[in-house]
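Colleague: Here it is, the structure, as C-alpha cells.
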Amino acid sequence: MELIHRNLLIGIHDSLQETFFEDRKYADKVIERLLKSHKKWGSEDRKVVSEIFYNIIRWKKRLEYYMGEGVKPTNVYKMIIAYLLWSKTHYKKFEEFDGIKVADILTKLKKGTVPTKAIEHSIPDWLAETLEKELGKNWEREMLALNEQAPTVLRTNTLKTTPRELIADLNDENVEAFTIKNYPDAVQLAEKKNVFLTSAFKDGLFEVQDASSQKIGELLDVKEGMRVVDACAGAGGKTLHLAALMKNKGQIIALDIYEWKLAELKRRAKRAGAHNIEARVISDNKVIKRLHEKADRLLIDAPCSGLGVLKRNPDSKWKIDQAFIDRIKGEQQQILQDYSKILKKGGQMIYATCSILPSENNEQVKTFLKNNPDFSLVKDEKTMPSEGYDGFYMALIKRN
C-alpha cells in the first residue's frame with residue numbers, strides 16, 4: 001500500500017478531523033460521504049483511503065505516543081505521518097508534512113516498546129482497567145482480535161435465493177465469496193468489496209450481517225405463523241432474518257424509539273420481499289402495554305457499549321466512557337423488565353447485546369431472573385472476537 005496522491009491525503013485528513021472533533025460524527029458515515037463525493041477515485045484509491053482512515057482511528061492512542069502529544073485539530077497531519085512511518089507505508093513528501101519533526105517519531109519507533117498496555121492496544125486507560133476486571137487474563141487476546149479488520153459477511157436472503165446460488169451470482173459480478181461452516185445462511189467475501197453496487201444487492205438477495213449476529217435469529221427458534229416482536233429493531237437487520245426464517249408467514253412487529261430507523265427498515269424489507277413486518281414507533285408506554293402477553297417470541301437486542309464490534313466501529317472506543325457503560329446497564333435492566341411483559345406464558349425471548357462484558361450480559365440476565373421468578377433460562381451463548389467474528393451475547397429465556 002502507498003500514499004502518493006495529495007487529494008487522497010487531504011481526504012483522509014479532513015475525514016479524521018471530522019470524526020475526532022465534530023460532535024456525533026461516526027466514522028462509517030464520514031467515510032461513506034467522502035467516497036461518495038469523490039466519484040472519480042478508483043477502487044485502489046478507495047481502498048487506500050478507507051484502510052489508512054480506519055487504521056489511524058483504531059491506533060489513535062498508540063500514534064499519540066509516537067507523536068509525543070495528543071491529537072488536536074492542528075496536528076492531524078502529524079498523526080498521519082506517524083501512522084505511515086509505523087506501518088512502513090510508502091508515501092510522497094507532501095507539503096502538508098513540512099515542518100513535522102519526523103526524527104522524534106522515528107526515535108520512539110526504534111525503541112520497539114510502549115509504556116502501557118492501554119497504549120499497546122490503543123484503548124483509553126479506563127477501558128483497559130474495565131476489560132481486565134471483567135475478562136481477567138483473556139482481555140488482551142480479545143483486544144488483539146478487536147484491533148483487526150472485520151471480514152465482510154453477508155446473510156443470504158432465503159426468501160429469494162440460497163447461499164450456493166448467491167455465491168454464483170456474486171461470482172458473475174467479480175465478487176468472490178464462500179460459505180461458513182455452522183452458519184447456514186452466511187456467505188463471507190474473500191476480500192473487501194463494495195457489494196452495495198452489485199445487482200445481487202439491488203435485487204434483495206442478501207444483507208450485510210456479521211456471522212455472530214446471524215446466530216441470534218437461529219436461537220430464537222421462530223416458526224411460520226407465530227407472532228414475533230422485535231423490541232429494539234433499529235434498521236432491521238435481525239428483523240429481516242426473522243422474516244426469512246418464518247418464510248414470510250405470521251407477523252413480526254418491529255418496534256423502535258427512532259422513526260428514521262424504522263423508515264430504513266421498511267425500505268430494506270421492500271427490497272428483501274419481506275411482507276410480514278409491521279413497524280411501530282414507541283412513542284409512549286401505551287405502545288408496549290397494548291402488546292402485553294401477545295407475543296410467541298420476543299427479541300430484545302438491547303442498547304449496549306458495543307465493545308464486541310470495535311473491529312467495525314473503532315471510533316466508538318473514543319466516544320464512550322465508564323459513566324456511559326454504567327448508564328447503559330441501568331437502561332438494559334429497565335428494558336428487560338418492561339419489554340418482557342410482551343411475552344405470552346410459554347413463549348420464549350432472547351436478550352442479546354454486541355458487548356463482551358459479563359456485567360452487560362449474563363449478570364444482567366441473572367439479575368432479571370432473580371427479580372422475575374416466572375421466567376427461566378433455557379440456554380445462553382457468547383461469541384468472542386478471538387473466534388473470528390463480532391463479540392455477541394445471547395440468552396434464550398422462557399416465560400413459564
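Going through the C-alpha cells in order, the chains are called A, B, and so on, while each chain numbers its residues from 1 and the ligands are numbered from 1 in the order shown.
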Among range 155-281 of chain A, which ones does DSSP assign to strand (DSSP E or B) (computed from the backbone)? Answer as a PyMOL selection string.

Modeller: chain A and resi 155-156+177-180+183-189+206-208+227-230+251-256+277-281

Colleague: Next, the residues of the selection above should be written as a compact mmCIF listing (two decimals), in the first residue's frame with N, CA, C and O atoms.

Modeller:
```txt
# COMPACT_ATOMS: atom_id res chain seq x y z
N ARG A 155 -25.64 -12.16 4.84
CA ARG A 155 -26.67 -13.15 5.16
C ARG A 155 -27.53 -13.35 3.93
O ARG A 155 -28.15 -12.42 3.42
N THR A 156 -27.55 -14.56 3.44
CA THR A 156 -28.36 -14.89 2.27
C THR A 156 -29.83 -14.66 2.60
O THR A 156 -30.30 -15.13 3.64
N ALA A 177 -16.74 -15.23 -3.01
CA ALA A 177 -17.28 -15.47 -1.66
C ALA A 177 -17.35 -16.96 -1.38
O ALA A 177 -17.26 -17.78 -2.29
N PHE A 178 -17.51 -17.30 -0.09
CA PHE A 178 -17.58 -18.72 0.30
C PHE A 178 -18.51 -18.89 1.50
O PHE A 178 -18.77 -17.93 2.24
N THR A 179 -19.02 -20.11 1.69
CA THR A 179 -19.91 -20.37 2.84
C THR A 179 -19.06 -20.56 4.10
O THR A 179 -17.86 -20.79 4.02
N ILE A 180 -19.72 -20.45 5.28
CA ILE A 180 -19.02 -20.62 6.56
C ILE A 180 -19.66 -21.80 7.28
O ILE A 180 -20.88 -21.85 7.44
N TYR A 183 -22.80 -21.87 10.00
CA TYR A 183 -23.62 -20.65 9.82
C TYR A 183 -24.43 -20.86 8.54
O TYR A 183 -23.96 -20.54 7.45
N PRO A 184 -25.64 -21.41 8.65
CA PRO A 184 -26.37 -21.90 7.47
C PRO A 184 -26.61 -20.88 6.36
O PRO A 184 -26.58 -21.23 5.18
N ASP A 185 -26.85 -19.60 6.72
CA ASP A 185 -27.18 -18.60 5.69
C ASP A 185 -26.03 -17.65 5.38
O ASP A 185 -26.17 -16.74 4.58
N ALA A 186 -24.89 -17.85 6.04
CA ALA A 186 -23.78 -16.87 5.93
C ALA A 186 -22.89 -17.14 4.72
O ALA A 186 -22.61 -18.28 4.37
N VAL A 187 -22.45 -16.03 4.11
CA VAL A 187 -21.53 -16.06 2.98
C VAL A 187 -20.47 -14.99 3.25
O VAL A 187 -20.81 -13.84 3.52
N GLN A 188 -19.20 -15.39 3.21
CA GLN A 188 -18.12 -14.44 3.52
C GLN A 188 -17.37 -14.04 2.26
O GLN A 188 -17.10 -14.88 1.40
N LEU A 189 -17.04 -12.76 2.14
CA LEU A 189 -16.28 -12.28 0.98
C LEU A 189 -14.80 -12.64 1.14
O LEU A 189 -14.24 -12.55 2.23
N PHE A 206 -29.35 -10.46 -0.54
CA PHE A 206 -28.59 -10.57 0.72
C PHE A 206 -28.64 -9.27 1.50
O PHE A 206 -29.01 -8.22 0.99
N GLU A 207 -28.25 -9.38 2.77
CA GLU A 207 -27.99 -8.23 3.63
C GLU A 207 -26.58 -8.41 4.20
O GLU A 207 -26.14 -9.54 4.36
N VAL A 208 -25.89 -7.31 4.50
CA VAL A 208 -24.61 -7.42 5.19
C VAL A 208 -24.93 -7.61 6.68
O VAL A 208 -25.59 -6.78 7.28
N ARG A 227 -46.56 -14.97 16.18
CA ARG A 227 -46.46 -13.52 16.34
C ARG A 227 -45.15 -13.24 17.07
O ARG A 227 -44.94 -13.70 18.19
N VAL A 228 -44.28 -12.49 16.42
CA VAL A 228 -42.95 -12.21 16.94
C VAL A 228 -42.78 -10.70 17.10
O VAL A 228 -43.16 -9.94 16.21
N VAL A 229 -42.22 -10.27 18.23
CA VAL A 229 -41.96 -8.84 18.44
C VAL A 229 -40.44 -8.63 18.52
O VAL A 229 -39.75 -9.29 19.30
N ASP A 230 -39.95 -7.73 17.68
CA ASP A 230 -38.54 -7.30 17.75
C ASP A 230 -38.57 -5.93 18.43
O ASP A 230 -38.94 -4.93 17.83
N GLN A 251 -46.60 -12.96 11.81
CA GLN A 251 -46.50 -11.50 11.96
C GLN A 251 -45.27 -11.12 12.77
O GLN A 251 -45.00 -11.71 13.82
N ILE A 252 -44.52 -10.15 12.27
CA ILE A 252 -43.42 -9.58 13.04
C ILE A 252 -43.75 -8.11 13.31
O ILE A 252 -44.02 -7.35 12.37
N ILE A 253 -43.75 -7.73 14.58
CA ILE A 253 -43.95 -6.32 14.94
C ILE A 253 -42.58 -5.75 15.31
O ILE A 253 -41.94 -6.22 16.26
N ALA A 254 -42.11 -4.80 14.51
CA ALA A 254 -40.78 -4.20 14.73
C ALA A 254 -40.96 -2.88 15.45
O ALA A 254 -41.60 -1.96 14.94
N LEU A 255 -40.40 -2.78 16.65
CA LEU A 255 -40.53 -1.57 17.47
C LEU A 255 -39.20 -0.84 17.56
O LEU A 255 -38.14 -1.46 17.59
N ASP A 256 -39.26 0.47 17.61
CA ASP A 256 -38.07 1.27 17.91
C ASP A 256 -38.50 2.66 18.34
O ASP A 256 -39.61 3.10 18.01
N ILE A 277 -43.84 -7.86 8.08
CA ILE A 277 -43.29 -6.96 9.11
C ILE A 277 -44.16 -5.71 9.24
O ILE A 277 -44.48 -5.07 8.24
N GLU A 278 -44.52 -5.39 10.47
CA GLU A 278 -45.24 -4.14 10.73
C GLU A 278 -44.37 -3.30 11.67
O GLU A 278 -44.01 -3.74 12.75
N ALA A 279 -44.02 -2.08 11.24
CA ALA A 279 -43.16 -1.21 12.05
C ALA A 279 -44.02 -0.29 12.92
O ALA A 279 -44.98 0.30 12.43
N ARG A 280 -43.65 -0.18 14.21
CA ARG A 280 -44.37 0.72 15.12
C ARG A 280 -43.36 1.53 15.93
O ARG A 280 -42.46 0.95 16.54
N VAL A 281 -43.56 2.82 15.95
CA VAL A 281 -42.69 3.69 16.76
C VAL A 281 -43.14 3.63 18.22
O VAL A 281 -44.34 3.70 18.51
```

Colleague: Within 12 Å of range 27-50 of chain A, which residues of range 66-171 of chain A show up? Give each one with its shortest atom-to-atom distance in Å (one decimal) and the two atoms involved, counting only C-alpha atoms, rows by chain then rising residue number, as CSV.

Modeller:
```
residue,atom,partner,partner_atom,distance
A:Ile80,CA,A:Val49,CA,11.6
A:Leu84,CA,A:Val48,CA,11.8
A:Thr89,CA,A:Val48,CA,10.4
A:His90,CA,A:Val48,CA,11.5
A:Tyr91,CA,A:Val48,CA,11.5
A:Gln149,CA,A:Ser50,CA,11.2
```

Colleague: Could you write out the selected residues, including N, CA, C and O atoms, as a PDB file, in the first residue's frame?

Modeller:
```pdb
ATOM      1  N   ILE A  80      -1.024  11.410  10.845  1.00  0.00           N
ATOM      2  CA  ILE A  80      -0.990  10.619   9.609  1.00  0.00           C
ATOM      3  C   ILE A  80       0.437  10.160   9.323  1.00  0.00           C
ATOM      4  O   ILE A  80       0.678   8.985   9.014  1.00  0.00           O
ATOM      5  N   LEU A  84       2.034   6.423   8.932  1.00  0.00           N
ATOM      6  CA  LEU A  84       2.739   5.972   7.725  1.00  0.00           C
ATOM      7  C   LEU A  84       4.115   5.402   8.072  1.00  0.00           C
ATOM      8  O   LEU A  84       4.544   4.391   7.505  1.00  0.00           O
ATOM      9  N   THR A  89       4.360   2.410   5.432  1.00  0.00           N
ATOM     10  CA  THR A  89       3.618   2.695   4.194  1.00  0.00           C
ATOM     11  C   THR A  89       4.427   3.689   3.359  1.00  0.00           C
ATOM     12  O   THR A  89       4.820   4.751   3.862  1.00  0.00           O
ATOM     13  N   HIS A  90       4.669   3.361   2.093  1.00  0.00           N
ATOM     14  CA  HIS A  90       5.403   4.277   1.222  1.00  0.00           C
ATOM     15  C   HIS A  90       4.545   5.524   0.961  1.00  0.00           C
ATOM     16  O   HIS A  90       3.356   5.419   0.670  1.00  0.00           O
ATOM     17  N   TYR A  91       5.155   6.708   1.076  1.00  0.00           N
ATOM     18  CA  TYR A  91       4.387   7.936   0.839  1.00  0.00           C
ATOM     19  C   TYR A  91       5.268   9.003   0.204  1.00  0.00           C
ATOM     20  O   TYR A  91       6.497   8.966   0.297  1.00  0.00           O
ATOM     21  N   GLN A 149      -9.067  -5.948  11.246  1.00  0.00           N
ATOM     22  CA  GLN A 149     -10.155  -5.510  10.379  1.00  0.00           C
ATOM     23  C   GLN A 149     -11.216  -6.610  10.309  1.00  0.00           C
ATOM     24  O   GLN A 149     -10.878  -7.795  10.212  1.00  0.00           O
TER      25      GLN A 149
END
```

Colleague: With only C-alpha atoms as the counted atoms, please give the residues lying no more than 7 Å from range 108-125 of chain A, apart from itself and same-chain residues fewer than 3 positions off, as a PyMOL selection string.

Modeller: chain A and resi 59-62+66+86+104-105+128-129+143+317

Colleague: Need the shell around Gly391 in chain A: protein/DNA/RNA residues with any atom at most 7 Å away, counting only C-alpha atoms. Skip same-chain ones fewer than 6 positions apart. Format as a list in words?

Modeller: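 With the cut-off at 7 Å, the set is Gly308, Val309, Cys354, Ser355, Ile356, Thr383, Met384 and Pro385 of chain A.
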
Colleague: Could you jot down the CA of Phe375 in chain A to CA of Asn400 in chain A separation for me, Å, one decimal place?

Modeller: 5.7 Å

Colleague: Neighbours of Val195 in chain A within 8 Å (only C-alpha atoms; same-chain residues fewer than 3 positions away dropped), as an mmCIF file with N, CA, C and O atoms, in the first residue's frame?

Modeller:
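Contents of around-v1.cif, freshly written:
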```
data_model
loop_
_atom_site.group_PDB
_atom_site.id
_atom_site.type_symbol
_atom_site.label_atom_id
_atom_site.label_comp_id
_atom_site.auth_asym_id
_atom_site.auth_seq_id
_atom_site.Cartn_x
_atom_site.Cartn_y
_atom_site.Cartn_z
ATOM 1 N N VAL A 175 -17.167 -10.837 -7.618
ATOM 2 C CA VAL A 175 -17.043 -10.812 -6.157
ATOM 3 C C VAL A 175 -16.915 -12.266 -5.695
ATOM 4 O O VAL A 175 -17.839 -13.057 -5.858
ATOM 5 N N THR A 198 -23.659 -4.116 -6.379
ATOM 6 C CA THR A 198 -23.984 -5.314 -7.167
ATOM 7 C C THR A 198 -25.479 -5.420 -7.447
ATOM 8 O O THR A 198 -26.306 -4.927 -6.683
ATOM 9 N N PHE A 201 -27.335 -7.235 -4.661
ATOM 10 C CA PHE A 201 -27.812 -6.417 -3.540
ATOM 11 C C PHE A 201 -29.102 -5.698 -3.929
ATOM 12 O O PHE A 201 -30.086 -5.720 -3.187
#
```

Colleague: Please provide the set of residues having any atom within 9 Å of Arg399 in chain A, restricted to only C-alpha atoms, with same-chain residues fewer than 6 positions apart removed, written as a compact mmCIF listing (two decimals) with N, CA, C and O atoms, in the first residue's frame.

Modeller:
```
# COMPACT_ATOMS: atom_id res chain seq x y z
N SER A 340 -40.25 -7.51 28.67
CA SER A 340 -40.51 -8.94 28.87
C SER A 340 -42.00 -9.23 29.06
O SER A 340 -42.47 -10.33 28.80
N LEU A 343 -44.24 -10.89 26.30
CA LEU A 343 -44.22 -12.33 26.02
C LEU A 343 -45.42 -13.05 26.64
O LEU A 343 -45.79 -12.81 27.78
N LYS A 344 -46.02 -13.97 25.85
CA LYS A 344 -47.09 -14.84 26.36
C LYS A 344 -46.49 -15.86 27.33
O LYS A 344 -45.31 -16.18 27.23
N LYS A 345 -47.32 -16.42 28.19
CA LYS A 345 -46.88 -17.56 29.02
C LYS A 345 -46.53 -18.71 28.07
O LYS A 345 -47.27 -18.99 27.12
N GLY A 346 -45.39 -19.34 28.32
CA GLY A 346 -44.94 -20.42 27.43
C GLY A 346 -44.12 -19.94 26.25
O GLY A 346 -43.53 -20.73 25.52
N GLY A 347 -44.09 -18.60 26.07
CA GLY A 347 -43.30 -18.04 24.97
C GLY A 347 -41.82 -17.93 25.34
O GLY A 347 -41.43 -18.11 26.50
N GLN A 348 -41.00 -17.62 24.33
CA GLN A 348 -39.56 -17.51 24.57
C GLN A 348 -39.03 -16.18 24.03
O GLN A 348 -39.53 -15.67 23.03
N MET A 349 -38.02 -15.67 24.73
CA MET A 349 -37.42 -14.41 24.28
C MET A 349 -35.90 -14.51 24.31
O MET A 349 -35.33 -15.36 25.00
N ASP A 374 -41.06 -16.04 37.36
CA ASP A 374 -41.87 -16.72 36.34
C ASP A 374 -41.13 -16.85 35.00
O ASP A 374 -41.70 -17.31 34.01
N PHE A 375 -39.87 -16.45 34.96
CA PHE A 375 -39.03 -16.63 33.77
C PHE A 375 -37.87 -17.57 34.11
O PHE A 375 -37.38 -17.56 35.25
N SER A 376 -37.41 -18.35 33.13
CA SER A 376 -36.26 -19.23 33.38
C SER A 376 -35.34 -19.25 32.16
O SER A 376 -35.79 -19.07 31.02
```

Colleague: I'd like to know which of A:Leu154, A:Leu146, A:Leu8, A:Ile342 is closest to His292 in chain A, using only C-alpha atoms.

Modeller: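 Checking each candidate against His292 in chain A, we get A:Ile342 as the closest.
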
Colleague: List the spatial neighbours of Lys93 in chain A as a list of chain:residue names - criterion: any atom at most 10 Å away, only C-alpha atoms, same-chain residues fewer than 6 positions off excluded.

Modeller: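 Listed by chain and then number, they are A:Leu3, A:Ile4, A:Arg6, A:Ile81.
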